[in-house]
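Inspection log for the structure reproduced underneath, given as structure tokens.
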Amino acid sequence: MATRAAVAAPRVFRRFFCTNSASPSFPFVPTPPPGATPTPTRPTAEPNPNLFVSGLSKRTTTERLREEFAKFGEVVHARVVTDRVSGYSKGFGFVQYATIEEAAKGIEGMDGKFLDGWVIFAEYARPRPPPGQSLNNNSPQYGRQ
């Protein structure tokens, strides 16, 4: 069946059906060109008891988020950020633990795991910038100088 699909597929898509590990396009991981600079990674936040959780399903509730993260420590506060109109999850939320050690266990236990059928990611939350300061420091502020 897969062979028939590979034959019927256009030439561009044949490499997706190929199981030959000796093929030049295997394992489909692009290599950067020589002399290219690596892309900068996002700076990680300081360890704190607050976690940012992303990749949540639209059906995930605050109660469900709390009960899953409570397996790794005492959850002080949990919140799924929802859309004002529909009431569904925006796909991210926050969990606050009692201690930094419990937060580290929460990240270790839940980062990359499935919750409601979706893979979620947990990391330390970054502090909110003070009012008036833009999130991107490189962007010019028009009208204010």
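Chains: A, B, ... in order of the structure tokens. Residues: from 1 per chain. Ligands: from 1, in order shown.
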Q: List the neighbours of Val76 in chain A out to 10 Å using only C-alpha atoms; skip same-chain residues closer than 2 positions along the sequence, and give me the result as a ChimeraX atom specification.
A: /A:49-50,66,70,73-74,78,95-99
Q. For Ser57 in chain A, which residue out of A:Glu108, A:Ala103, A:Val80, A:Tyr124 is the nearest one, using only C-alpha atoms?
A. A:Val80
Q) Can you tell me, as a VMD selection string, what residues are no more than 12 Å from Lys113 in chain A when counting only C-alpha atoms, ignoring any on the same chain fewer than 2 positions away? A) chain A and resid 53 to 56 68 to 69 106 to 111 115 to 122
Q.
Just to confirm, what's the straight-line distance from CA of Thr61 in chain A to CA of Ser89 in chain A in Å (one decimal)?
A. 7.5 Å
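Picture a line from CA of His77 in chain A to CA of Arg64 in chain A; it runs 12.5 Å.
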